Structure formats: C-alpha cells, structure tokens
Amino acid sequence: MKQHYSIFTLARNAVSYHEKWTEAWRSPDPKPSYDVVIVGGGGHGLATAYYLAKEHGITNVAVIEKGWLGGGNTGRNTTIVRSNYLWDESAHLYEHALKLWEGLSQDLNYNVMFSQRGLLSTAHTVHDMQALRRRVYAIQLNGIDSEILTREQVAEYCPILDCSPTARYPVFGASLQRRGGVARHDAVAWGYARGADARGVDIIQNCEVTGFKIENGKITGLETTRGSIGAKKVGVVVAGHCGVLAGMAGFRLPIESHPLQAMVSEPIKPVLDCVVMSGQVHVYVSQSDKGELVFGAGIDSFNSYSQYGSPPVVENMLNALTELFPIFSRLRFLRQWGGIVDTCPDASPIIGKTPVENLFFNCGWGTGGFKATPGSGHVFAHTIATGEPHKLAAPFALERFTTGYLIDEHGAAGVAH
Amino acid sequence: MTQVNRLPHGGRVDSSKPLRFVFDGRPYEGYQGDTLASALLANGVVLVGRSFKYHRPRGILSAGAEEPNALIQLGQGNRSEPNLRATQIELYEGLVAESQNRWPSLTTDVGAVNSLFHRIFPSGFYYKTFMWPKTFWMKYEHFIRRMAGLGKCPTEPDPDRYDKLHAHADALIVGAGPAGLAAALAAGRAGARVILVDEQQEMGGSLLSDRQAVIDGVSAAQWVANALAELRAMPEVTLLPRTVAFGYYDHNLVSLMERVTDHLPPTSPEALNQPRQRLWRVRAKDVILATGAIERPMVYIDNDRPGCMLASAAQTYVNRYGAAPGKRAVIMTNNDTAYQVALDLVDAGVSVAAIVDARENAEGELVATARARGIEVLGNHAITRVGGKLAVREVEVRRLTGDGKSVSSDGRTITCDMVLSSGGWQPTVHLFSQARGKLKWNQDILAFVPDKLLPGQNNHSVGAARGAFALTDCLVDGFAAGTAAAHAAGHTEPAGSTPVAGAEPAHSPMREMWVMPSGKPLGHDGKHFVDYQNDVTAADVALAHREGYRSVEHLKRYTTMGMATDQGKTSNINALALMADLRGVAIPEVGTTTFRPPYTPVTIGAFAGIDKGDFLDPIRKTPLHSWHEQHGAPFETVGQWHRAWYYPKPGETMHDAVNREVKAVRTSVGIVDASTLGKIDIQGPDAAWFLNMVYTNAWSKLEPGRCRYGLMLGEDGMVMDDGVTSRIAENHFHMTTTTGGAARVMAWLEDWLQCEWTDKKVYLTSVTEQWAVIGISGPMSRKLLSEVAPDLPLDDQSFPHLSFRDGVVAGVKCRIFRITFTGEATYELNMAPSYAMHVWRALMQAGEKYGITPYGTEAMHVLRAEKGFIIVGQETDGTTTPQDLGMDWIVSKQKPDFLGKRSLQRSDTKRPDRKHLIGLLTEDPNEVLPEGAQIVAELKDKPPMEMIGHVTSSYYSPNCGRSIAMALVKNGRNRMGETLYMPYDGKVVKAKVTEPKFYDPEGARING
Ligand SMILES: Cc1cc2nc3c(=O)[nH]c(=O)nc-3n(C[C@H](O)[C@H](O)[C@H](O)COP(=O)(O)OP(=O)(O)OC[C@H]3O[C@@H](n4cnc5c(N)ncnc54)[C@H](O)[C@@H]3O)c2cc1C
C-alpha cells in the first residue's frame, strides 16, 4: 500500500523529519515476460500503464524507459492544456483528456497542479478573426467552452498585453477557453508512475529498447539493453523516436522529427495570470507558479534527434514576446532547451494498431501532446487491452494516411501547442 | 559618510571618485570601480536579500556571476530591473537598489513565517498536498504564486535601445584572466583576428585579486596592464569587456551580450546616446575557453547566514575592492587555496580567528606559512553551529571523527562576523558543455573537467577552465592555444615567448568532504544548504533519494536544485556528490545535468534589438501606397502587405463605400492596385514540364502569349495555391500566386527543384516587386484602355480573354494581361514599379468621364464572390480538394503525374459526399452571415450539435441586392434547395443551399 499524500501525512512525517517517506515507485529488475510492455516512460506511456491497471485490471505490465522517467518531451514542454480544437475528432479527444485533467490530482493522489487559469489565443488580422470565429463556433457547438473576446475585452482580461491599434500586428480580438491552462509536467509523469507502480506495474528506467521479436507477423517480445523481455502485447509511446522504433518493427510512419525549443525567464512576482498564444506574432507564454515566464514558439525547420535547437529561433521568439509584452523587455531569459517532436502531416496523432499484430503505436502528438496525456493514455490502454481502437481513438488510426481521412489541425490551430 | 569596512590601503577602486547610491531607501557612498556588493560590504551591510522559499536572511556569497543570494531590484520606473546580482552591478552615481522578496522590510519579513513551517515544507511538499477540496487548487495557487517569484517586472515599456550584430574571428577568446590574456597575446602577435571577451568591467580575471603573483618579472597587475595596452594597439584584436559569452551553438557560433551602458547613470547623455546592450553572434574558427573556475562553498550547518562567503570572494573584496566583508573571519576549507586568502586578509589587517580545515593532516607550505603568521589552524575540524540570524556572530567547531561522518561531542565557540569557506574549485565548463563536449571526473581536484569535443566544434579549454589551476599552467596553456589558433588560420608572425610566472607554493591534496557533520542527523536542527537561492538542503537531497528521485535530473526537478537564477553554479557539484554518496556510486556515474544556455541570464529586449514595432516584420507597401493613403483608404493586412481596403468618400460607411465600388465595376469601370500578387519568373527547357507537375491541369500546349489559371495541390491532394500563369516564350513563364502565399509557393517550388527534381533545368526568380500591377475592370475598361494605349489593338480577335500583350500605356511600356477576377472584362497592366503612379494617374484622368472608381480588397472580394470565384485560404483550409470546390474540370485526367495526384486517388479523398462548396442564401436577404459560422442540418436546443460545414465567404452583394455566402458543406451539391441552420452568438440564421454563383452564371460579361 502506498503512503497517502496529504497535509496530514506531511505534518505527521514532519515529526520524523521526513525520514519515513518511502519511494514513489520501485525500481525492479525486468521480469522475463509481461502481458503488456509499454515502451517509453513519458507521460503518455505511464498514463497508458496506469489505466491498463486501473481500468482494465491488467497489472502484469512493464514500462521501459531508456533514460529517466519524463525525460523526453513530457519534462520539456510548456504544459499548455486546452481542448479548443477545430475538428470534432480532435475536440472530443482533447476534451476527454481535459475532463480527466480536472480530477487527475485526486485520482492519482499526486498534485499535478492543473491550473485552469484561462487560455487566450489572439487574432491579429481580419482573416485571423474569421478563422478564430470559425473555431470558436465549432467548439461551442461541440459543447465545449470557448468564447470570443473583442480587443477591449482582451485588454481588460490581460492588461499587460499590448493591444494598441498601432502595433505592427494589432490585436483584433481573441478566443478564450477559461478551462484551459497549465499543469506541472514532471508531476504528471511521477504521479502516473507512482499510481501505476502501486497497482503492480514495473517501471524500468535506464533500459533502451533495441529491437522487437516478431514471429509470423506477431509480436512476442523485445530486445533491450537489459536483456530480452517477452511480451504478449507491446505499446510504443516514444514521441520523437517513434520513427526509429517503427523502423525496428519493419514499417514506416508518416512522421518527421524536429527540435522544438522553449525557454524560461528569471522568476518574478506574478504579472501574467493566463496563458497567451499568438500565431501571427509567433509566441506563447504563461507564468509558472515559481514565477518564471515560460515561452515557446514554432519548431526548428530541420529534422533532428538532438534535443537542441538553433539560436535564430530563439531570437524570433523573444522578439515576438517583447512585441506582445513590451514590459518584458528588461527581464532576462534564464534557460533554453529543446525536445524532439514527432510531427504528422496533418498535425494530429496516430493511435492504434500497426502492421505487426499486437504491436500498438501512439505517436505523432508533435508540438501539442502534453494536454492529451490522460486522454491519450486512457484510450490507448483501452485499445491495447481490447485489441480494438477506443471510439475516440478510431479516427486517428494509421490507415488514415492510406484512405486520406486526414484530421488537419494546421489551418485553424494557430500556434499548435 | 562612513565606509566602516573600507580598507585604508589597496584595491583597484578610485577613492578620489566617491559615488552616492541608495540601498533600501538609505543613502551610502562607494567608489568608482566598486560593484554594488563591494560598496555594500565597505559600508558594513551584510544582509542584502531573502531566499526564495523560506525567506531566510541572506548576504553576499560570491564576488561574481555565480552569486545566488544577493539579488537586487535595480533602478526605478520603466528602467527598473529585477534579480540582478549585486556582485555584478557596477556602481554609478545615483544608483538606486532595493532588496527583493521581502515585506515589509529586509530585516522584518513577514514571509519568513515560511521558515517556521519549514518542517512541513520539505522539497516537493506541494506534490503531496493542496489537493483537497478538489476545486481549491486555484485558490491555493493564487497564494503560492504570490509567495513565489523574486523581483518585480517593470510596469512600463522599456525606454532603452538594443543592438545586434554578427562578427567573425580566427579566435574568440572567452575570459581575460592569465590564460585568456596569454592566448590573446599569442594569437594577436601572430596576426590573427581575435575577439577577447570578459564578463567583468575590467579584464585580468583572477590576477586582479592576486597580490602575490609575478609574471615576466612584474606584478600581476602590471602584467595585465602591459598586456592590455599591447592588445589594444593591435588592429585585428577586439577587446570586449562587460561582455558575457552566454551561448555556444553548432559550428562554433557563440552568442555574446555586451553591456554597453549599464555601468553609467541610465539617463546620462552618454548612456542615452548608445544602445544599452548589444547582442553579438560570433562565428569563430577557434574558440579558446579561458573561463576559469568557480569555488564551491562547503556544506556545513546554517551555511547561509549573512556573513557566510566563499573564501576567494573575500579575497577579491579585500584585494581588488579594498573592502573587508567583516572584521574577523573563520575559514572553513578542505584544500590549500583558502590559506592564501587567510594570509591576504591578515596582510590587509582583517583578523582571521581560525582556519577550520577538514583535512586530517593539514600540512604543506601554505599551512606552515599560515601557522607562522600566527593563524590558528584546526586540522580535522568542522563547523557545527553558526550563531546569529541576520549576521554571523560566532561559530562552534568540533573535531571530526569516524571518517569525517561524525564529530566529537565537545565543541568550542569562536567569535567572528564572517565564515569563509572553500570546498575546492569547479572549472567553468559551461560553454564547453553547451558545445556538447563530454566531461570527465578528476579525482585529484574533485571536479569535472573537459574531455572530448563534439566534432565540428573547435574549441580549447585552457588554464583553470580545464582544471590546471597553477598560474604557470594557465600561461603556458593559453599561449599555446593562442598560437595554435593563429597558425590554423594561417597567421604565423613571430609571437615571442610564453609569459613566465614566478614561483608558486605547492598545494597539498584536498579532502573529499561533501557535507560537514554537525553532530545531529541532517535536517534535524539547522539546515545544510546546497542550493542557496532555492533553499535546497542536504536533507532535501536525501529525501529525494529516499523517495526514488535519484537520477540527477529527477533530483534537480524534484528539489529544484540548480534551477534558480544562478543555475546551480555553486551548488550542482555538491548536490550530485551528495546523491552519489547516498546511492553508493561514484560521482561520474550520477553525471551532471545538461548545461544549457545562457551561461548567465540575458536581457530579452536585446534579442529583439531594433526588430520591433514596424521592424518586427517588414511592412510591404505597393508603389501606389501613398495614393491610397491620400485618398483616405484604410489598409488591410495581408501577409506582410498593407493593401487598400476601400476608399470611403466623406460621410460614407464601409458598407456604403464597398457597395459603390462594387457597383461601379459592374456598370462602368473600376481600378485596383493588384501589385501585391506573388509573381515568379520561370525559365528553362523543363519549365513546361515543371508546370505540368506543380499544377493540376496541362501546360504543354499553352501557346506563347496565352494565360491559364492553375491550381496547386499539396502532396496530400489539398489545394494550396492558385493563380494565372502565362507563357512568355517557349521556355519562359510568368506565374502569379496569391498575395499571402507567394513566399510559401516559392519555397515549395524550390524545394522540389532542389531536392527532388535535381536533373531538371528550371530556374525561378521572385519578381513580385519588379512588376507593379494595375487592374481595370468593367464594361468600360476596353474603351478606357484604348484611349491611353492607342497603338494596341484591343478587339477580342487580336487580344482575346486569357492572353497578354506588350504595349505602351500612357507612354509606359507595359505587359497587359487580359484575365479577370471580377467576371467583367479586365486588363491587368504590369509595369516597372517606378512608373506605376504615372500610369495610375493617367488612367484616373482618362477614366474620369466614365466615373472610374478605385476599389479595394473588400470590393474585390465581393465581386469575385458574386461570380463564385474562390480565394485560397478562405474557401480552402488545407482540407479541400479541387473536387470539393466543384473544380474537377481543372484536374487533368491525362497527365501521368502531378503533385497531389496520387493522394486524390485515396478512398476518403474520392468520397462523393465530402464537403462541397455551395452557395447560401439567407432567409432574410439583409442578414449577412459571419464568415466562420458553423452549419447544422438538424437544429437542437443546445450543443452538442452535429456540424456539417461552415461559411467560408459572406458579403452583402449590391448587384444581387441581398446577402450572399459560400460554404463548405457535407454532401452539399446534393443538398440544393435544402434549408440549413447557422447557430452562433446565441441566435440561429436560416439559409437555403444554392449553386455558388450569384451573378452572371453564364459568364457573359467577360467581353464587356
Ligand atoms: C519545447 C516543447 C514544448 C511543448 N509544449 C507543449 C504544450 O504547451 N502543450 C502540449 O500539449 N504539448 C506540448 N509539447 C508536446 C508534448 O510535450 C508532447 O506531445 C508530449 O509530452 C509527448 O509525451 P510522450 O509521453 O508521448 O513522449 P515523451 O515524454 O517524449 O516520452 C517518450 C519516452 O520514450 C523514451 N524512449 C525513446 N526511445 C526509446 C527506446 N528505444 N527505448 C525505451 N524508451 C525510449 C524517451 O526517452 C522518452 O522518455 C511540447 C513539446 C516540446 C518539446
């Protein structure tokens, strides 16, 4: 039984100088075989394992992570959570996730600090406004919260945003999703890991998958840097490295891996209470609970596997930031990093079966999959457990690139995070 | 004014130039050459800040970039700036500084109650609580946010200017200590182009605080002065003091930030006449990293009390700034370097109560000298208590026992007002690591040192930056690296000989000692700080380990160790050594966290430089822009362009003006500035083949002199751009693209040519700005043109629709295209931009009798919508096929291939009931739907409702006398006559499905 986390247990442990806390998850050696092996210890992989155990009673499960938990995009992203997507398929999937976010801390008994502080997407041209209206009307008719703000309302909602009509790209208005916000990324990985571990899932770090064992078109196990592991089913959730893993399994994915950068400023007292995203003046920003401004923009255009971006992108990002928020000019940026994002041609994920029987992939979340973490894990667990796609995941099958049933979220998504 | 701790002698500050400054509302005085930190110390101020989490009182730990504690809000009003390190702020007359993160004052800070509850606030406590009741997180968070943060953001925009530039060098040398200066001398004398940078105001590095060293027979200070004088005289050498090299990127690109005016009173004329800071992007053939080393504090109990300082920092304050950090020091060390500090202090008249040395047998030259000078040396001892809260008052020391893991039960109290500690030195490997070099552990100096370089990154770490601390080694290293860099760049002039250092005392071995026992279990009474700013203690590291956050990255993220504004410069090694100990593995096995840019935080505004406001993105204006302006047109932003939107006459609304313009085109003649259209000149023997590939229709048979409309698809079969392309000659075409899509199309075409069709001979040139375009459209357009171009035959035979002719219009050579976007007879006159205004005026004048009417983009949109012509990006959104638009006629069935063809064969793309472009007529003819309105077939009381499409274009059409709209609707072509619903903004509008053509469906008006 896991130690319960609460203010009372904190106080009780304070008496013993916090020396009685136990580890949040075990670090077992891999067993010879599992019912399900999840490759990739990011948020999506860990959530999948958690829901496999919790919702489907499948507990003979391992999560295999080549480095440390959450060390991929989960621990590098700017944590924007929203469900204001244009197309029905996406809206329902991300809204499913958003609903899970709303009870996640309690479900996991781990505070993931999901902060529904509101998310503002600004429009800067007449055309932007049309696209924005189209998206908001669609979201509303899907029964999801979203509203349109005029320039005056934007200025009131986020007073430090430059709304002057003389700006190079003046703010025309914005969409607002009040239920959108941010969460604490590491806590999501750790909370799911702890929850999965409590239900019997083995979490194995520092173990890289180097190959698959496939017999007669069916998966039977994996090769790893810590030996072979047998598996009845395998779910691969490795984000930027999905192309590499698909290669090991003998098929290709319509995915390109790009660096995506983000950065934080030094911590300051609260100045920005919501998330602001602008597609035209390309940047998005929020302020962490620690006080750092967290911001990012678009991908580096070259393909790469090194978690490292190029400096011109940073310049453009900071440029855009001071344009929208002239008062940030004298602040300093503190830390810059990159992750490798798996971008799909239609900017939507791929969830489901593969040409190899019992091998499932969940990837292609690109620049915007953090927000989906609980939903993605939830539908993927269902897909693995039942062998058939969850109804919310079905449209996102790999076959859509054969049929042409694309779910193109580029056009109306603005900044895709 | 009393500078109580200013030393009577020594230091490089200029006591003839006193400067007044204010800290927390109180006036003080310092000298030219002081930092804010040295000036505060000289004034006896030791309490300067509060820590992030516990609001513990803090003093000054260091004398440089690594400072975690002394963070300052500097300046006032729109020039106020948070989180600056007092150790790096140069004093100027009138400086105003304030401490941060305290309320109401630094000495009585209410936030310090956190300290009382510290027992229930260990690392990561917030993950374990604030979860009940469920909806309360936002309330807790509000509170937490207000407690967190450090300084304050300015409330007004930044009034200062910034600059940025590129530079190239044979050798970029980072750090102007002995190693860097030696490197610069060697490279500069050999004739190389050198950039030497140092983050400090004065170059010289450690030599500026060194009173013992002798180089080439002169004092260190003299040698520095000589070296700088020599370097300054070299034309190819650039010296950049006050400049930090903060980022090392691929292919030896290093970013520098130069603080140009930060040391000046901000409103002095000298400051206002220059950019405040300058961002340099330097591409260097070789980078010489002479970045020195950073001293580690020792982790003893309550090692954060104001007055606890790095030993070397105290030495710097005394020797370089002539400011004593206190009157009486206790020094805690595990190595020899602190002994020299003790000797320098004593020399300067500051008393040293004792040196507490963790080593069991502290012996050697320096130890002996210290003893000889009467300094008490307590070997094998530890500090076990620090007395005093707002300032150190005393310490207790005890003998170490049991392998240094415990202490004797009896202690001795020593009165002192500062505790100086040295836990050894960590080479400043940040830039080396940013360049993705690999580190290795050196057990002798207990530090990580550079090991392997990443190929393509050409750099050399020299002197202390590679763990070679002796002065001789620094000089030899630096000189050799400078010579090598110059030679590699082909510069071989004689460079003289390596500077020679005088004799240096030998150093005895260190003791590996990561935490000093205090007689109580860690965390039980008092705190052993590892990361000062973020209040991470040795007990927190142990907690992280206990809870399984054992990877160095988990340790960092769980405890926030190393994530403060100092990025762990003084704490990282201590923390990971503690973790290694807990895990029972060697330190290198734990590894370091990634060193990320920037080395020290850099100003955001400097990255924008001058690229802000109107320079954020160039504003593109047509050659006729001023005319539109003079005629009152508001402008619409389309991509980077500003296009005339409509031309209101006095008293007219937009609606009135647009109706008038639209009507004029249909009844007489309108004139439009279409210069923004993207234009690409395409030449080469494979040009026709190329067009066949990038457009859906066939181009081979198009005759020279003729024009054709084309659709371009993406690989996914979706429409990406459209436009008219004309054949100028057999191997020469003139392509037009949409205004907004021009750059994208150009890049797309080049991508195919350069990456896929490399054997084809096709050459593209963007000529968007080489041709101005004036369109005249309407029944009178031919008549008008004939008057200004009398030599041009205009009958339908000689100049049919979809052809072009070269001719002279109003005396100007023009290329005239007969194509239409309004459905009326239209001539698009292309000419050199400098003549455009002349031609426009001539047309206006000649057209006056016909009531020629300038029309803007809005009227243009209405006109084309009346005809059902699409706009890419409006009727399409990246999910629209030609068939969806009802444009199957433009997709060749014969061509073997074109981009997107294969995708059009996919089952879903072929589906007959996809979304089709249709027309919508609202029930109320005066109701103009908003573009973007969603469409439902079955209306429900409330969402969710199934959407079947959306309105893509919608206008009031004066020619139809009602509103018109186009929409993409599921299976729309089979819904003709159906009524659909548009619920939006709390209302529902009904409309009937029609063909998306509202005016002149037969196209009869094309010939005027
Ligand atoms: C800078 C940045 C900003 C972003 N901002 C946002 C945002 O604001 N909002 C949002 O919703 N999304 C955002 N994203 C996207 C989001 O981070 C990702 O979509 C999401 O976190 C992906 O989670 P994951 O668990 O699938 O992948 P990851 O967290 O990357 O996990 C994949 C794991 O697989 C492991 N792995 C790889 N190969 C192997 C192997 N062979 N064997 C074993 N393990 C392997 C990796 O080590 C990694 O830990 C951002 C991404 C980046 C990089």
# chains A, B, ... in the order shown; residues from 1 in each chain; ligands from 1
>>> interface_residues(of="chain A", to="chain B", cutoff="6 Å", atoms="only C-alpha atoms", output="PyMOL selection string")
chain A and resi 5-7+10-11+14+22-24+110-111+130+133-134+141-143+168+266-269+289-291+315+319+326-327+329-336+403-405+411
>>> residues_around(residues="region 777-790 of chain B", least_positions_apart="4", cutoff="8 Å", atoms="only C-alpha atoms", output="list in words")
Ala664, Val665, Arg666, Thr667, Ser668, Val669, Gly670, Ile671, Leu794, Gly807, Val808, Val809, Ala810, Thr820, Thr822, Glu824, Ala825, Thr826, Tyr827, Ala842, Leu843, Ala846, Gly847, Tyr850, Arg1005, Asn1007 and Gly1008 of chain B
>>> residues_near_ligand(ligand="ligand 1", cutoff="6 Å", atoms="only C-alpha atoms and all ligand atoms", output="PyMOL selection string")
chain A and resi 39-45+64-67+69-74+76-81+208-210+237-239+241+260-262+338-341+365-371+417
>>> closest_residue(among="B:Ala233, B:Tyr317, B:Ala190, B:Ala167", to="Thr87 (chain B)", atoms="only C-alpha atoms")
B:Tyr317
>>> select_by_dssp(residues="region 91-147 of chain A", states="strand (DSSP E)", output="ChimeraX atom specification")
/A:119-123,147
>>> select_by_dssp(residues="region 94-174 of chain A", states="helix (DSSP H, G or I)", output="PyMOL selection string")
chain A and resi 94-101+104-108+126-141+151-157
>>> residues_around(residues="Arg189 (chain B)", least_positions_apart="4", cutoff="10 Å", atoms="only C-alpha atoms", output="ChimeraX atom specification")
/B:183-185,193,230-231,234,236-237,482-483,486,491-496
>>> residues_around(residues="region 742-750 of chain B", least_positions_apart="6", cutoff="8 Å", atoms="only C-alpha atoms", output="PyMOL selection string")
chain B and resi 677-680+694+721+764+766
>>> atom_distance(atom1="CA of Thr150 (chain A)", atom2="CA of Leu318 (chain A)")
25.6 Å
>>> decode(residues="region 983-998 of chain B", atoms="all heavy atoms", output="tab-separated table (two decimals), in the first residue's frame")
chain	number	residue	atom	x	y	z
B	983	PRO	N	-26.24	28.31	-36.15
B	983	PRO	CA	-26.39	28.83	-34.79
B	983	PRO	C	-25.08	29.50	-34.38
B	983	PRO	O	-24.02	28.89	-34.47
B	983	PRO	CB	-26.63	27.58	-33.95
B	983	PRO	CG	-26.34	26.40	-34.85
B	983	PRO	CD	-25.88	26.91	-36.17
B	984	TYR	N	-25.13	30.74	-33.96
B	984	TYR	CA	-23.92	31.40	-33.46
B	984	TYR	C	-24.33	32.58	-32.60
B	984	TYR	O	-25.43	33.12	-32.76
B	984	TYR	CB	-23.02	31.86	-34.62
B	984	TYR	CG	-23.61	32.95	-35.48
B	984	TYR	CD1	-23.40	34.30	-35.16
B	984	TYR	CD2	-24.38	32.63	-36.60
B	984	TYR	CE1	-23.96	35.30	-35.95
B	984	TYR	CE2	-24.94	33.63	-37.38
B	984	TYR	CZ	-24.74	34.96	-37.04
B	984	TYR	OH	-25.29	35.94	-37.81
B	985	ASP	N	-23.45	32.96	-31.71
B	985	ASP	CA	-23.66	34.12	-30.84
B	985	ASP	C	-25.09	34.15	-30.28
B	985	ASP	O	-25.73	35.21	-30.24
B	985	ASP	CB	-23.38	35.43	-31.61
B	985	ASP	CG	-21.91	35.56	-31.99
B	985	ASP	OD1	-21.09	34.80	-31.43
B	985	ASP	OD2	-21.59	36.40	-32.84
B	986	GLY	N	-25.59	33.01	-29.93
B	986	GLY	CA	-26.90	32.94	-29.28
B	986	GLY	C	-28.08	33.09	-30.20
B	986	GLY	O	-29.21	33.24	-29.74
B	987	LYS	N	-27.86	33.09	-31.52
B	987	LYS	CA	-29.02	33.12	-32.41
B	987	LYS	C	-28.89	32.07	-33.49
B	987	LYS	O	-27.87	31.38	-33.57
B	987	LYS	CB	-29.16	34.52	-33.02
B	987	LYS	CG	-28.02	34.94	-33.91
B	987	LYS	CD	-28.33	36.31	-34.51
B	987	LYS	CE	-27.26	36.77	-35.46
B	987	LYS	NZ	-27.57	38.05	-36.06
B	988	VAL	N	-29.93	31.93	-34.30
B	988	VAL	CA	-29.91	30.94	-35.38
B	988	VAL	C	-30.34	31.62	-36.67
B	988	VAL	O	-31.37	32.29	-36.71
B	988	VAL	CB	-30.86	29.76	-35.09
B	988	VAL	CG1	-30.85	28.76	-36.24
B	988	VAL	CG2	-30.50	29.09	-33.78
B	989	VAL	N	-29.54	31.47	-37.71
B	989	VAL	CA	-29.90	32.04	-39.01
B	989	VAL	C	-30.17	30.88	-39.96
B	989	VAL	O	-29.47	29.89	-39.96
B	989	VAL	CB	-28.75	32.93	-39.54
B	989	VAL	CG1	-29.08	33.44	-40.95
B	989	VAL	CG2	-28.51	34.09	-38.60
B	990	LYS	N	-31.24	31.04	-40.77
B	990	LYS	CA	-31.60	30.00	-41.72
B	990	LYS	C	-31.16	30.43	-43.11
B	990	LYS	O	-31.26	31.61	-43.46
B	990	LYS	CB	-33.12	29.85	-41.76
B	990	LYS	CG	-33.69	29.06	-40.61
B	990	LYS	CD	-35.11	28.61	-40.99
B	990	LYS	CE	-36.05	28.84	-39.82
B	990	LYS	NZ	-37.45	28.62	-40.21
B	991	ALA	N	-30.73	29.45	-43.91
B	991	ALA	CA	-30.36	29.79	-45.28
B	991	ALA	C	-30.61	28.59	-46.19
B	991	ALA	O	-30.61	27.45	-45.74
B	991	ALA	CB	-28.90	30.21	-45.35
B	992	LYS	N	-30.81	28.91	-47.47
B	992	LYS	CA	-31.06	27.87	-48.48
B	992	LYS	C	-29.79	27.61	-49.28
B	992	LYS	O	-29.03	28.51	-49.57
B	992	LYS	CB	-32.14	28.37	-49.45
B	992	LYS	CG	-33.50	27.81	-49.16
B	992	LYS	CD	-34.38	27.73	-50.40
B	992	LYS	CE	-35.69	27.06	-50.02
B	992	LYS	NZ	-36.38	27.76	-48.91
B	993	VAL	N	-29.61	26.33	-49.61
B	993	VAL	CA	-28.44	25.94	-50.39
B	993	VAL	C	-28.69	26.25	-51.86
B	993	VAL	O	-29.74	25.91	-52.40
B	993	VAL	CB	-28.16	24.44	-50.20
B	993	VAL	CG1	-26.94	24.02	-51.03
B	993	VAL	CG2	-27.97	24.11	-48.73
B	994	THR	N	-27.70	26.90	-52.50
B	994	THR	CA	-27.78	27.18	-53.94
B	994	THR	C	-26.44	26.85	-54.58
B	994	THR	O	-25.49	26.49	-53.90
B	994	THR	CB	-28.05	28.67	-54.22
B	994	THR	OG1	-26.90	29.40	-53.76
B	994	THR	CG2	-29.28	29.17	-53.50
B	995	GLU	N	-26.38	27.04	-55.89
B	995	GLU	CA	-25.09	26.99	-56.58
B	995	GLU	C	-24.24	28.15	-56.06
B	995	GLU	O	-24.76	29.23	-55.77
B	995	GLU	CB	-25.29	27.16	-58.09
B	995	GLU	CG	-25.92	25.97	-58.77
B	995	GLU	CD	-25.04	24.74	-58.74
B	995	GLU	OE1	-23.81	24.88	-58.65
B	995	GLU	OE2	-25.60	23.62	-58.76
B	996	PRO	N	-22.94	27.96	-56.00
B	996	PRO	CA	-22.09	29.07	-55.52
B	996	PRO	C	-21.79	30.07	-56.64
B	996	PRO	O	-20.64	30.42	-56.87
B	996	PRO	CB	-20.83	28.35	-55.04
B	996	PRO	CG	-20.75	27.13	-55.88
B	996	PRO	CD	-22.17	26.73	-56.23
B	997	LYS	N	-22.81	30.48	-57.33
B	997	LYS	CA	-22.64	31.51	-58.35
B	997	LYS	C	-23.85	32.39	-58.23
B	997	LYS	O	-24.97	31.91	-58.31
B	997	LYS	CB	-22.63	30.90	-59.75
B	997	LYS	CG	-21.32	30.25	-60.10
B	997	LYS	CD	-21.31	29.76	-61.53
B	997	LYS	CE	-19.96	29.12	-61.80
B	997	LYS	NZ	-20.01	27.93	-62.59
B	998	PHE	N	-23.64	33.68	-58.08
B	998	PHE	CA	-24.78	34.54	-57.74
B	998	PHE	C	-25.05	35.58	-58.81
B	998	PHE	O	-26.07	36.24	-58.79
B	998	PHE	CB	-24.51	35.23	-56.40
B	998	PHE	CG	-24.17	34.25	-55.31
B	998	PHE	CD1	-22.86	33.96	-54.99
B	998	PHE	CD2	-25.18	33.59	-54.63
B	998	PHE	CE1	-22.55	33.06	-53.99
B	998	PHE	CE2	-24.88	32.68	-53.63
B	998	PHE	CZ	-23.55	32.41	-53.32
